[in-house]
Structures are given as C-alpha cells and as structure tokens.
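structure-v3.cif follows; it contains mmCIF, C-alpha atoms and all ligand atoms.
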```cif
data_data
#
loop_
_atom_site.group_PDB
_atom_site.id
_atom_site.type_symbol
_atom_site.label_atom_id
_atom_site.label_comp_id
_atom_site.auth_asym_id
_atom_site.auth_seq_id
_atom_site.Cartn_x
_atom_site.Cartn_y
_atom_site.Cartn_z
ATOM 1 C CA MET A 1 -3.278 -19.783 2.692
ATOM 2 C CA ALA A 2 0.099 -18.551 1.490
ATOM 3 C CA GLN A 3 2.895 -19.476 3.883
ATOM 4 C CA ILE A 4 4.574 -16.126 3.498
ATOM 5 C CA ILE A 5 3.081 -12.680 3.259
ATOM 6 C CA ARG A 6 4.860 -10.384 0.834
ATOM 7 C CA LEU A 7 6.182 -7.137 2.276
ATOM 8 C CA GLY A 8 5.904 -4.163 -0.059
ATOM 9 C CA VAL A 9 8.103 -1.350 1.201
ATOM 10 C CA ASN A 10 6.740 2.113 0.490
ATOM 11 C CA VAL A 11 9.596 4.579 -0.143
ATOM 12 C CA ASP A 12 7.477 7.751 -0.392
ATOM 13 C CA HIS A 13 8.843 9.203 2.809
ATOM 14 C CA VAL A 14 12.437 8.699 1.801
ATOM 15 C CA ALA A 15 11.505 11.100 -0.993
ATOM 16 C CA THR A 16 9.814 13.379 1.575
ATOM 17 C CA VAL A 17 13.121 13.717 3.437
ATOM 18 C CA ARG A 18 15.010 14.286 0.194
ATOM 19 C CA ASN A 19 12.565 16.947 -0.962
ATOM 20 C CA ALA A 20 12.809 18.802 2.350
ATOM 21 C CA ARG A 21 16.152 20.120 1.101
ATOM 22 C CA GLY A 22 15.351 20.079 -2.597
ATOM 23 C CA GLY A 23 18.375 17.946 -3.459
ATOM 24 C CA VAL A 24 19.035 14.340 -4.388
ATOM 25 C CA HIS A 25 19.726 12.793 -0.968
ATOM 26 C CA PRO A 26 18.452 10.443 0.445
ATOM 27 C CA ASP A 27 17.705 8.602 -2.775
ATOM 28 C CA PRO A 28 14.482 6.530 -2.657
ATOM 29 C CA VAL A 29 15.835 4.200 -5.357
ATOM 30 C CA ALA A 30 19.007 3.467 -3.381
ATOM 31 C CA ILE A 31 16.907 2.826 -0.261
ATOM 32 C CA ALA A 32 14.577 0.583 -2.280
ATOM 33 C CA LYS A 33 17.612 -1.489 -3.282
ATOM 34 C CA LEU A 34 18.735 -1.707 0.363
ATOM 35 C CA ALA A 35 15.227 -2.798 1.360
ATOM 36 C CA ILE A 36 15.217 -5.504 -1.310
ATOM 37 C CA ALA A 37 18.639 -6.743 -0.227
ATOM 38 C CA ALA A 38 17.247 -6.983 3.330
ATOM 39 C CA GLY A 39 14.203 -9.001 2.249
ATOM 40 C CA ALA A 40 11.539 -6.654 0.867
ATOM 41 C CA ASP A 41 9.401 -8.528 -1.645
ATOM 42 C CA GLY A 42 8.394 -5.445 -3.596
ATOM 43 C CA ILE A 43 8.542 -1.663 -3.610
ATOM 44 C CA THR A 44 5.574 0.684 -3.450
ATOM 45 C CA ALA A 45 5.652 4.312 -4.535
ATOM 46 C CA HIS A 46 2.822 6.829 -4.753
ATOM 47 C CA LEU A 47 3.124 9.409 -7.499
ATOM 48 C CA ARG A 48 0.775 12.079 -6.217
ATOM 49 C CA GLU A 49 -0.754 14.703 -8.461
ATOM 50 C CA ASP A 50 1.243 17.420 -6.636
ATOM 51 C CA ARG A 51 4.506 15.339 -6.713
ATOM 52 C CA ARG A 52 5.026 16.173 -3.044
ATOM 53 C CA HIS A 53 7.308 13.165 -2.493
ATOM 54 C CA ILE A 54 7.852 10.675 -5.328
ATOM 55 C CA ARG A 55 8.613 12.291 -8.694
ATOM 56 C CA ASP A 56 8.211 11.007 -12.239
ATOM 57 C CA ALA A 57 11.959 10.384 -12.501
ATOM 58 C CA ASP A 58 11.829 8.183 -9.350
ATOM 59 C CA ILE A 59 9.203 5.952 -10.960
ATOM 60 C CA GLU A 60 11.294 5.768 -14.137
ATOM 61 C CA ARG A 61 14.381 4.744 -12.146
ATOM 62 C CA LEU A 62 12.521 2.289 -9.908
ATOM 63 C CA MET A 63 11.202 0.555 -13.039
ATOM 64 C CA ALA A 64 14.690 0.423 -14.559
ATOM 65 C CA GLU A 65 16.803 -0.345 -11.520
ATOM 66 C CA ILE A 66 14.957 -2.591 -9.078
ATOM 67 C CA ASP A 67 14.574 -6.320 -9.560
ATOM 68 C CA ARG A 68 11.376 -6.783 -7.548
ATOM 69 C CA PRO A 69 7.791 -5.872 -8.455
ATOM 70 C CA LEU A 70 6.872 -2.192 -8.347
ATOM 71 C CA ASN A 71 3.455 -1.372 -6.929
ATOM 72 C CA PHE A 72 2.575 2.017 -8.417
ATOM 73 C CA GLU A 73 0.143 3.836 -6.154
ATOM 74 C CA MET A 74 -1.981 6.298 -8.060
ATOM 75 C CA ALA A 75 -5.234 8.221 -8.255
ATOM 76 C CA ALA A 76 -7.510 7.127 -11.092
ATOM 77 C CA THR A 77 -6.879 10.282 -13.123
ATOM 78 C CA ASP A 78 -6.240 10.421 -16.873
ATOM 79 C CA GLU A 79 -2.697 11.618 -16.222
ATOM 80 C CA MET A 80 -1.834 8.750 -13.847
ATOM 81 C CA VAL A 81 -3.510 6.099 -15.976
ATOM 82 C CA ALA A 82 -1.451 7.317 -18.969
ATOM 83 C CA ILE A 83 1.755 7.105 -16.905
ATOM 84 C CA ALA A 84 0.903 3.600 -15.673
ATOM 85 C CA LEU A 85 0.119 2.441 -19.201
ATOM 86 C CA ARG A 86 3.414 3.885 -20.432
ATOM 87 C CA ARG A 87 5.552 2.511 -17.592
ATOM 88 C CA GLN A 88 3.754 -0.836 -17.172
ATOM 89 C CA PRO A 89 4.547 -1.466 -13.497
ATOM 90 C CA HIS A 90 3.830 -4.923 -12.104
ATOM 91 C CA ALA A 91 0.913 -3.535 -10.084
ATOM 92 C CA ALA A 92 -1.127 -0.371 -9.702
ATOM 93 C CA CYS A 93 -2.967 0.398 -6.491
ATOM 94 C CA LEU A 94 -5.763 2.902 -7.065
ATOM 95 C CA VAL A 95 -6.264 5.272 -4.151
ATOM 96 C CA PRO A 96 -8.437 8.314 -3.489
ATOM 97 C CA GLU A 97 -6.394 11.499 -3.464
ATOM 98 C CA LYS A 98 -7.182 14.904 -2.071
ATOM 99 C CA ARG A 99 -4.747 17.768 -2.421
ATOM 100 C CA GLU A 100 -5.173 18.971 1.146
ATOM 101 C CA GLU A 101 -4.730 15.616 2.882
ATOM 102 C CA ARG A 102 -1.520 14.693 4.698
ATOM 103 C CA THR A 103 -1.786 11.067 3.601
ATOM 104 C CA THR A 104 -4.401 8.848 1.971
ATOM 105 C CA GLU A 105 -7.342 9.288 4.302
ATOM 106 C CA GLY A 106 -9.593 6.365 3.549
ATOM 107 C CA GLY A 107 -10.564 3.822 0.960
ATOM 108 C CA LEU A 108 -11.976 4.432 -2.496
ATOM 109 C CA ASP A 109 -15.697 5.028 -2.874
ATOM 110 C CA VAL A 110 -15.990 2.107 -5.281
ATOM 111 C CA VAL A 111 -19.799 2.118 -5.206
ATOM 112 C CA GLY A 112 -20.300 5.864 -5.744
ATOM 113 C CA GLN A 113 -17.354 6.320 -8.133
ATOM 114 C CA ARG A 114 -17.956 3.202 -10.161
ATOM 115 C CA ARG A 115 -18.449 5.010 -13.474
ATOM 116 C CA HIS A 116 -15.208 6.927 -12.948
ATOM 117 C CA LEU A 117 -13.114 3.982 -11.723
ATOM 118 C CA GLU A 118 -14.273 1.235 -14.043
ATOM 119 C CA PRO A 119 -12.609 2.479 -17.264
ATOM 120 C CA ALA A 120 -9.278 2.957 -15.452
ATOM 121 C CA VAL A 121 -9.454 -0.552 -13.989
ATOM 122 C CA ARG A 122 -10.396 -2.022 -17.356
ATOM 123 C CA GLU A 123 -7.569 -0.274 -19.233
ATOM 124 C CA LEU A 124 -4.919 -1.208 -16.691
ATOM 125 C CA VAL A 125 -6.055 -4.826 -16.422
ATOM 126 C CA ALA A 126 -6.080 -5.101 -20.231
ATOM 127 C CA ALA A 127 -2.491 -3.789 -20.274
ATOM 128 C CA GLY A 128 -1.422 -6.580 -17.918
ATOM 129 C CA VAL A 129 -1.042 -4.393 -14.818
ATOM 130 C CA ARG A 130 -2.227 -6.119 -11.636
ATOM 131 C CA VAL A 131 -4.785 -3.654 -10.290
ATOM 132 C CA SER A 132 -5.629 -3.342 -6.643
ATOM 133 C CA LEU A 133 -8.263 -1.078 -5.162
ATOM 134 C CA PHE A 134 -7.513 0.526 -1.801
ATOM 135 C CA VAL A 135 -10.782 0.079 0.064
ATOM 136 C CA GLU A 136 -12.606 -0.028 3.361
ATOM 137 C CA ALA A 137 -13.527 -3.529 4.423
ATOM 138 C CA ASP A 138 -17.287 -3.246 3.986
ATOM 139 C CA ALA A 139 -19.405 -5.708 2.055
ATOM 140 C CA ALA A 140 -20.843 -3.383 -0.599
ATOM 141 C CA THR A 141 -17.407 -1.977 -1.461
ATOM 142 C CA LEU A 142 -15.820 -5.404 -1.728
ATOM 143 C CA GLU A 143 -18.638 -6.714 -3.899
ATOM 144 C CA ALA A 144 -18.389 -3.674 -6.200
ATOM 145 C CA SER A 145 -14.592 -4.139 -6.389
ATOM 146 C CA ALA A 146 -14.968 -7.736 -7.518
ATOM 147 C CA ALA A 147 -17.700 -6.790 -9.992
ATOM 148 C CA MET A 148 -15.400 -4.159 -11.497
ATOM 149 C CA GLY A 149 -12.856 -6.812 -12.426
ATOM 150 C CA ALA A 150 -9.997 -5.788 -10.154
ATOM 151 C CA PRO A 151 -8.072 -8.900 -9.090
ATOM 152 C CA VAL A 152 -6.848 -7.420 -5.780
ATOM 153 C CA VAL A 153 -8.110 -5.240 -2.936
ATOM 154 C CA GLU A 154 -5.896 -3.561 -0.369
ATOM 155 C CA LEU A 155 -7.788 -3.177 2.899
ATOM 156 C CA HIS A 156 -7.325 0.194 4.586
ATOM 157 C CA THR A 157 -5.878 -0.476 8.038
ATOM 158 C CA GLY A 158 -5.432 3.194 8.983
ATOM 159 C CA THR A 159 -8.519 3.563 11.176
ATOM 160 C CA TRP A 160 -7.651 0.404 13.110
ATOM 161 C CA CYS A 161 -4.032 1.532 13.610
ATOM 162 C CA GLU A 162 -5.127 5.013 14.728
ATOM 163 C CA ALA A 163 -7.494 3.498 17.291
ATOM 164 C CA ILE A 164 -4.670 1.354 18.681
ATOM 165 C CA ALA A 165 -2.256 4.304 18.758
ATOM 166 C CA HIS A 166 -4.721 6.433 20.749
ATOM 167 C CA GLY A 167 -5.644 3.684 23.203
ATOM 168 C CA ARG A 168 -9.242 3.345 21.959
ATOM 169 C CA ALA A 169 -9.387 -0.376 22.632
ATOM 170 C CA ASP A 170 -13.091 -0.936 21.874
ATOM 171 C CA GLU A 171 -12.873 0.848 18.546
ATOM 172 C CA ALA A 172 -9.673 -1.034 17.700
ATOM 173 C CA ALA A 173 -11.363 -4.358 18.426
ATOM 174 C CA ARG A 174 -14.371 -3.408 16.283
ATOM 175 C CA GLU A 175 -12.120 -2.264 13.438
ATOM 176 C CA PHE A 176 -10.079 -5.436 13.592
ATOM 177 C CA ASP A 177 -13.240 -7.553 13.396
ATOM 178 C CA ARG A 178 -14.325 -5.517 10.369
ATOM 179 C CA LEU A 179 -10.952 -6.139 8.694
ATOM 180 C CA ALA A 180 -11.092 -9.867 9.474
ATOM 181 C CA GLU A 181 -14.631 -10.161 8.130
ATOM 182 C CA GLY A 182 -13.691 -8.072 5.078
ATOM 183 C CA ALA A 183 -10.661 -10.258 4.366
ATOM 184 C CA ARG A 184 -12.855 -13.381 4.483
ATOM 185 C CA ARG A 185 -15.482 -11.802 2.253
ATOM 186 C CA ALA A 186 -12.955 -10.484 -0.280
ATOM 187 C CA SER A 187 -11.282 -13.854 -0.517
ATOM 188 C CA ALA A 188 -14.648 -15.595 -0.974
ATOM 189 C CA LEU A 189 -15.316 -13.161 -3.844
ATOM 190 C CA GLY A 190 -12.101 -14.359 -5.500
ATOM 191 C CA LEU A 191 -10.074 -11.255 -4.657
ATOM 192 C CA GLU A 192 -6.446 -11.378 -3.507
ATOM 193 C CA VAL A 193 -6.258 -9.521 -0.201
ATOM 194 C CA HIS A 194 -3.592 -6.975 0.685
ATOM 195 C CA ALA A 195 -3.585 -4.546 3.602
ATOM 196 C CA GLY A 196 -1.835 -1.349 4.489
ATOM 197 C CA HIS A 197 -1.734 2.081 6.113
ATOM 198 C CA GLY A 198 -0.362 2.954 9.521
ATOM 199 C CA LEU A 199 1.054 -0.501 10.245
ATOM 200 C CA ASP A 200 3.890 -0.990 12.739
ATOM 201 C CA TYR A 201 5.603 -4.159 13.979
ATOM 202 C CA ALA A 202 2.793 -5.064 16.383
ATOM 203 C CA SER A 203 -0.158 -4.368 14.064
ATOM 204 C CA ALA A 204 1.616 -6.053 11.135
ATOM 205 C CA GLU A 205 2.070 -9.149 13.300
ATOM 206 C CA THR A 206 -1.579 -9.099 14.359
ATOM 207 C CA ILE A 207 -3.002 -8.712 10.868
ATOM 208 C CA SER A 208 -0.660 -11.348 9.462
ATOM 209 C CA ALA A 209 -2.625 -13.916 11.467
ATOM 210 C CA LEU A 210 -5.551 -13.405 9.064
ATOM 211 C CA PRO A 211 -5.056 -16.292 6.641
ATOM 212 C CA GLU A 212 -6.405 -14.389 3.617
ATOM 213 C CA ILE A 213 -3.735 -11.672 3.724
ATOM 214 C CA ALA A 214 -1.202 -12.100 0.897
ATOM 215 C CA GLU A 215 0.675 -8.777 1.039
ATOM 216 C CA LEU A 216 1.260 -5.822 3.350
ATOM 217 C CA ASN A 217 2.356 -2.408 2.109
ATOM 218 C CA ILE A 218 4.164 -0.390 4.750
ATOM 219 C CA GLY A 219 6.063 2.885 4.607
ATOM 220 C CA HIS A 220 5.979 5.610 7.224
ATOM 221 C CA TYR A 221 6.781 3.422 10.240
ATOM 222 C CA LEU A 222 9.679 1.734 8.452
ATOM 223 C CA VAL A 223 11.246 5.055 7.517
ATOM 224 C CA GLY A 224 10.864 6.270 11.107
ATOM 225 C CA GLU A 225 12.332 3.102 12.608
ATOM 226 C CA ALA A 226 15.201 3.190 10.153
ATOM 227 C CA LEU A 227 16.391 6.380 11.882
ATOM 228 C CA ALA A 228 17.027 4.287 14.982
ATOM 229 C CA VAL A 229 18.310 0.986 13.652
ATOM 230 C CA GLY A 230 18.905 1.443 9.916
ATOM 231 C CA PHE A 231 16.776 0.389 6.971
ATOM 232 C CA PRO A 232 18.043 -3.207 6.546
ATOM 233 C CA GLU A 233 17.519 -4.036 10.241
ATOM 234 C CA THR A 234 14.061 -2.435 10.150
ATOM 235 C CA ILE A 235 13.070 -4.612 7.187
ATOM 236 C CA ARG A 236 14.392 -7.730 8.930
ATOM 237 C CA LEU A 237 12.425 -6.894 12.094
ATOM 238 C CA MET A 238 9.247 -6.260 10.088
ATOM 239 C CA LYS A 239 9.642 -9.505 8.140
ATOM 240 C CA ALA A 240 10.102 -11.352 11.444
ATOM 241 C CA ALA A 241 6.930 -9.747 12.893
ATOM 242 C CA ILE A 242 4.953 -10.756 9.792
ATOM 243 C CA ALA A 243 6.318 -14.304 9.951
ATOM 244 C CA ARG A 244 5.308 -14.595 13.645
ATOM 245 C CA GLY A 245 1.779 -13.479 12.736
ATOM 246 C CA ARG A 246 1.554 -15.930 9.856
ATOM 247 C CA ARG A 247 2.601 -18.805 12.117
ATOM 248 C CA LYS A 248 -0.389 -17.960 14.335
ATOM 249 C CA ALA A 249 -2.659 -18.233 11.275
ATOM 250 C CA ALA A 250 -1.256 -21.665 10.540
ATOM 251 C CA ALA A 251 -1.557 -22.865 14.153
HETATM 252 N N1 LIG B 1 -1.116 1.481 1.196
HETATM 253 C C1 LIG B 1 -1.671 2.582 0.650
HETATM 254 C C2 LIG B 1 -2.733 2.392 -0.377
HETATM 255 C C3 LIG B 1 -1.250 3.876 1.011
HETATM 256 O O1 LIG B 1 -1.824 4.969 0.455
HETATM 257 C C4 LIG B 1 -0.191 4.010 1.932
HETATM 258 C C5 LIG B 1 0.313 5.377 2.266
HETATM 259 O O2 LIG B 1 0.964 5.908 1.169
HETATM 260 C C6 LIG B 1 0.357 2.841 2.457
HETATM 261 C C7 LIG B 1 -0.130 1.598 2.106
HETATM 262 C C8 LIG B 1 1.478 2.894 3.459
HETATM 263 O O3 LIG B 1 1.016 3.523 4.604
HETATM 264 P P1 LIG B 1 2.058 3.902 5.742
HETATM 265 O O4 LIG B 1 3.035 4.858 5.140
HETATM 266 O O5 LIG B 1 1.203 4.511 6.799
HETATM 267 O O6 LIG B 1 2.717 2.614 6.168
#
```
Starting from the file, lay out its structure as structure tokens.
Amino acid sequence: MAQIIRLGVNVDHVATVRNARGGVHPDPVAIAKLAIAAGADGITAHLREDRRHIRDADIERLMAEIDRPLNFEMAATDEMVAIALRRQPHAACLVPEKREERTTEGGLDVVGQRRHLEPAVRELVAAGVRVSLFVEADAATLEASAAMGAPVVELHTGTWCEAIAHGRADEAAREFDRLAEGARRASALGLEVHAGHGLDYASAETISALPEIAELNIGHYLVGEALAVGFPETIRLMKAAIARGRRKAAA
C-alpha cells in the first residue's frame, strides 16, 4: 500500500469559467501552477471533442509550463490519439464521450468496445504514455482492462457520490462495496487503481481508506470550494482529507 495517495487536480472547470466570457481569464494553466504550489501531485485536463472547456492551446501550455505529470483525459478517437502521441503527456485516461452529456456519465464499455479501444491502448502504451481506462468496478470490465494491456484503471465514483448527495444510503453502501471489491480485484489483476468523479472532501476521505487506491482525480468540487476559500486552501484541505483516509487504511 502506498503511504500517500496522489491528488490529480482537474482544471477543466477553470476553463469553463473562462470560456463563459470567451476571454483568457481565469487561466487554467495559472490555476494549475497554484494547485501544484499548494500540493497537487499532478494536473488532469480533458480535451473534449467539442472543446467546451479545455482547448488545444491549454494542453500545449500545460505540457510546457507545469512541472508535475499531466493526465490527459481523452476519448479513444483518432484525433485524440494523434494529439496524445504528438504531445506525449505522462498519462492518458481514456473515457467515453457523448456530445450531449454534461460530464462523463459512466465508465468505458471495455468488453463491448474492445476492438475499438485496443489499438488506441496499444499505440499509447508503445509511445510510453501511461494509459488508464475509466471504468465501472465490475469484474468483467476489470478483467478485460487488464487483458488489453492498460497498466491503470480509474474507477468511476460518480454513481456512489450521487447516491450520497441525494441521501440514498442503501445505494451508497452498495456502490461503495462494489468500489472496494473492484479495487481489490483490479489490484489482484496487476492494475494500478485510481478513482474519480464527483468526489468531495468526505467521499475522498472515505475512498482513501481503500488500500489499493494510488491516485484520485478531482475537479468540479475543488473549483466550487475555491470560490469560498481560494484554490490553495482547497487543495490543502483535500490533501488533508485524503491523508486522514489513508491513515485509516494503515490502521
Ligand atoms: N476522472 C474522470 C475520468 C473524469 O471524466 C472526471 C470529470 O472530468 C473526473 C475524474 C473529475 O470529476 P469531478 O470534476 O466530478 O471531480
């Protein structure tokens, strides 16, 4: 078990605020630097097909200007694979993408989409990019992810977080058990286990108690909290929540 869990800070919604006025402020690269100075272990950015938040120039600048790993979130399209191969980020997290969705709505269909995903995974891995697959925590998906040669899976925590947020305690408990079992299974398959989507201080603390978790990727909540207490303080509070959770795993 790693003593610390890396925090990847997703700056997509800094770009959302910027794009609301079509200008250059706030700058996701400047905020990424602030986050790193406050303790972020990496930066995550999702270049969507419709460029609704992060733009190509943001990825270019993040690669050039930040001194922590960039986790490039992307759909497994020819266009995005070409960009990832050209930019060579530290990591690429493959996600499903639908034009009409507000945010990524679930994990990849690794079993059904195997023929489509496998060449992208192979090319990126061969180029030295650490590939993670954003997946639901079910056995068949995790086994197919390992068989495809991806070194990492990111477990989709969105359904669990939604259940908590809406007070559906039974569903939340079931979802958490599924995540815990999935984390164990993924680790036993030799996969590094990340998690993300919808996490806040409390859920990040809870999931950090799962010993297999090596990294959390968090965005929307951090950007929202930063309105109240500022980005650096938000990162410090999130790091503290994660550290509390990890101490429970060690206990
Ligand atoms: N991980 C993945 C794969 C995602 O698609 C997202 C959303 O962009 C996140 C993590 C971060 O989710 P949130 O913004 O809800 O913290």
Could you state the separation of CA of Ala75 (chain A) and CA of Pro28 (chain A) in Å, given to one decimal place?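 Separation of CA of Ala75 (chain A) and CA of Pro28 (chain A): 20.6 Å.
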CA of Leu7 (chain A) to CA of Ala20 (chain A), straight-line distance in Å: 26.8 Å
For Phe72 (chain A), which of A:Ser208, A:Ser187, A:Asn217, A:Thr16 is the closest residue, counting all atoms listed in the file?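 Among the listed residues, A:Asn217 lies closest to Phe72 (chain A).
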Please enclose the listed atoms of region 29-45 of chain A in an axis-aligned box, pad each side by 6 Å, and write out the centre and the three edge lengths in Å, rounded to one decimal, as AutoDock Vina command-line options.
```
--center_x 12.3 --center_y -2.3 --center_z -1.0 --size_x 25.4 --size_y 25.3 --size_z 20.7
```
How would you write, as a list in words, the set of residues no farther than 7 Å from ligand LIG 1 (chain B) when counting all atoms listed in the file?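 Selection of residues at most 7 Å from ligand LIG 1 (chain B): Asn10, Asp12, His46, Glu73, Cys93, Val95, Thr103, Thr104, Phe134, Glu154, Ala195, Gly196, His197, Gly198, Leu199, Asn217, Ile218, Gly219, His220 and Tyr221 of chain A.
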Fewer than 6 positions away in the same chain doesn't count, so skip those; otherwise give me all residues within 12 Å of Arg178 (chain A), counting only C-alpha atoms, as a ChimeraX atom specification. /A:136-139,155-157,159-160,171-172,184-186,207,210
Given the choices A:Val14, A:Leu237, A:Ile5, A:Ala57, which gets closest to Gly42 (chain A) if the distance is worked out from all atoms listed in the file?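 Looking only at the distances to Gly42 (chain A), the closest residue turns out to be A:Ile5.
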Give me the residues within 9 Å of Ala140 (chain A) as a ChimeraX atom specification, counting all atoms listed in the file and dropping any in the same chain fewer than 4 places off. /A:110-111,144-145
Could you tell me how far CA of Arg48 (chain A) lies from CA of Gly190 (chain A), in Å and to one decimal?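 Straight-line distance from CA of Arg48 (chain A) to CA of Gly190 (chain A) works out to 29.4 Å.
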For the structure provided, state which residues fall under the PyMOL selection byres (((chain A and resi 117) around 12) and not hetatm), and present them as a CSV table (one decimal) with C-alpha atoms, keeping the file's coordinate frame.
```
chain,number,residue,atom,x,y,z
A,74,MET,CA,-2.0,6.3,-8.1
A,75,ALA,CA,-5.2,8.2,-8.3
A,76,ALA,CA,-7.5,7.1,-11.1
A,77,THR,CA,-6.9,10.3,-13.1
A,78,ASP,CA,-6.2,10.4,-16.9
A,81,VAL,CA,-3.5,6.1,-16.0
A,93,CYS,CA,-3.0,0.4,-6.5
A,94,LEU,CA,-5.8,2.9,-7.1
A,95,VAL,CA,-6.3,5.3,-4.2
A,96,PRO,CA,-8.4,8.3,-3.5
A,108,LEU,CA,-12.0,4.4,-2.5
A,109,ASP,CA,-15.7,5.0,-2.9
A,110,VAL,CA,-16.0,2.1,-5.3
A,111,VAL,CA,-19.8,2.1,-5.2
A,112,GLY,CA,-20.3,5.9,-5.7
A,113,GLN,CA,-17.4,6.3,-8.1
A,114,ARG,CA,-18.0,3.2,-10.2
A,115,ARG,CA,-18.4,5.0,-13.5
A,116,HIS,CA,-15.2,6.9,-12.9
A,118,GLU,CA,-14.3,1.2,-14.0
A,119,PRO,CA,-12.6,2.5,-17.3
A,120,ALA,CA,-9.3,3.0,-15.5
A,121,VAL,CA,-9.5,-0.6,-14.0
A,122,ARG,CA,-10.4,-2.0,-17.4
A,123,GLU,CA,-7.6,-0.3,-19.2
A,124,LEU,CA,-4.9,-1.2,-16.7
A,131,VAL,CA,-4.8,-3.7,-10.3
A,132,SER,CA,-5.6,-3.3,-6.6
A,133,LEU,CA,-8.3,-1.1,-5.2
A,134,PHE,CA,-7.5,0.5,-1.8
A,144,ALA,CA,-18.4,-3.7,-6.2
A,145,SER,CA,-14.6,-4.1,-6.4
A,147,ALA,CA,-17.7,-6.8,-10.0
A,148,MET,CA,-15.4,-4.2,-11.5
A,149,GLY,CA,-12.9,-6.8,-12.4
A,150,ALA,CA,-10.0,-5.8,-10.2
```
Please determine, counting only C-alpha atoms, which residue among A:Val17, A:Ala173, A:Leu189, A:Ala30 has the shortest atom-to-atom distance to Thr141 (chain A).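 Smallest distance to Thr141 (chain A) is found for A:Leu189.
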Contacts between region 223-236 of chain A and region 9-85 of chain A, please, where a residue of region 9-85 of chain A counts if it comes within 9 Å (with only C-alpha atoms); show its shortest atom pair and distance in Å to one decimal, rows by chain and ascending number, as a Markdown table.
```
| residue | atom | partner | partner_atom | distance |
| --- | --- | --- | --- | --- |
| A:Val9 | CA | A:Ile235 | CA | 8.4 |
| A:Asn10 | CA | A:Val223 | CA | 8.9 |
| A:Val11 | CA | A:Val223 | CA | 7.9 |
| A:His13 | CA | A:Val223 | CA | 6.7 |
| A:Val14 | CA | A:Val223 | CA | 6.9 |
| A:Ile31 | CA | A:Phe231 | CA | 7.6 |
| A:Leu34 | CA | A:Pro232 | CA | 6.4 |
| A:Ala35 | CA | A:Pro232 | CA | 5.9 |
| A:Ile36 | CA | A:Pro232 | CA | 8.7 |
| A:Ala37 | CA | A:Pro232 | CA | 7.7 |
| A:Ala38 | CA | A:Pro232 | CA | 5.0 |
| A:Gly39 | CA | A:Ile235 | CA | 6.7 |
| A:Ala40 | CA | A:Ile235 | CA | 6.8 |
```
Could you check which of A:Glu79, A:Glu162, A:Asp27, A:Glu60 is closest to Glu105 (chain A), using only C-alpha atoms?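 Closest to Glu105 (chain A), using only C-alpha atoms: A:Glu162.
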Distance query Leu62 (chain A) at most 9 Å, all atoms listed in the file, self and fewer than 4 positions along chain excluded, as a list in words: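 In the requested format, the answer is Pro28, Val29, Ala32, Ile43, Ala45, Ala57, Asp58, Ile66, Asp67 and Leu70 of chain A.
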Between A:Arg52, A:Ile4, A:His25, A:Ala82, which one has atoms that come closest to Ala241 (chain A), using only C-alpha atoms?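 Residue with the minimum atom-to-atom distance to Ala241 (chain A): A:Ile4.
Here the PyMOL selection byres (((chain A and resi 247) around 12) and not hetatm) matches the residues Met1, Ala2, Gln3, Ile4, Ile5, Glu205, Thr206, Ile207, Ser208, Ala209, Leu210, Pro211, Ala240, Ala241, Ile242, Ala243, Arg244, Gly245, Arg246, Lys248, Ala249, Ala250 and Ala251 of chain A.
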I would like the residues chosen by the PyMOL selection byres (((chain A and resi 215) around 6) and not hetatm) on the shown file; could you give them as a ChimeraX atom specification? /A:5-7,194,213-214,216
Using all atoms listed in the file, which of A:Asp41, A:Ala84, A:Leu47, A:Ala127 sits nearest Met238 (chain A)?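 Of all the options, A:Asp41 lies closest to Met238 (chain A).
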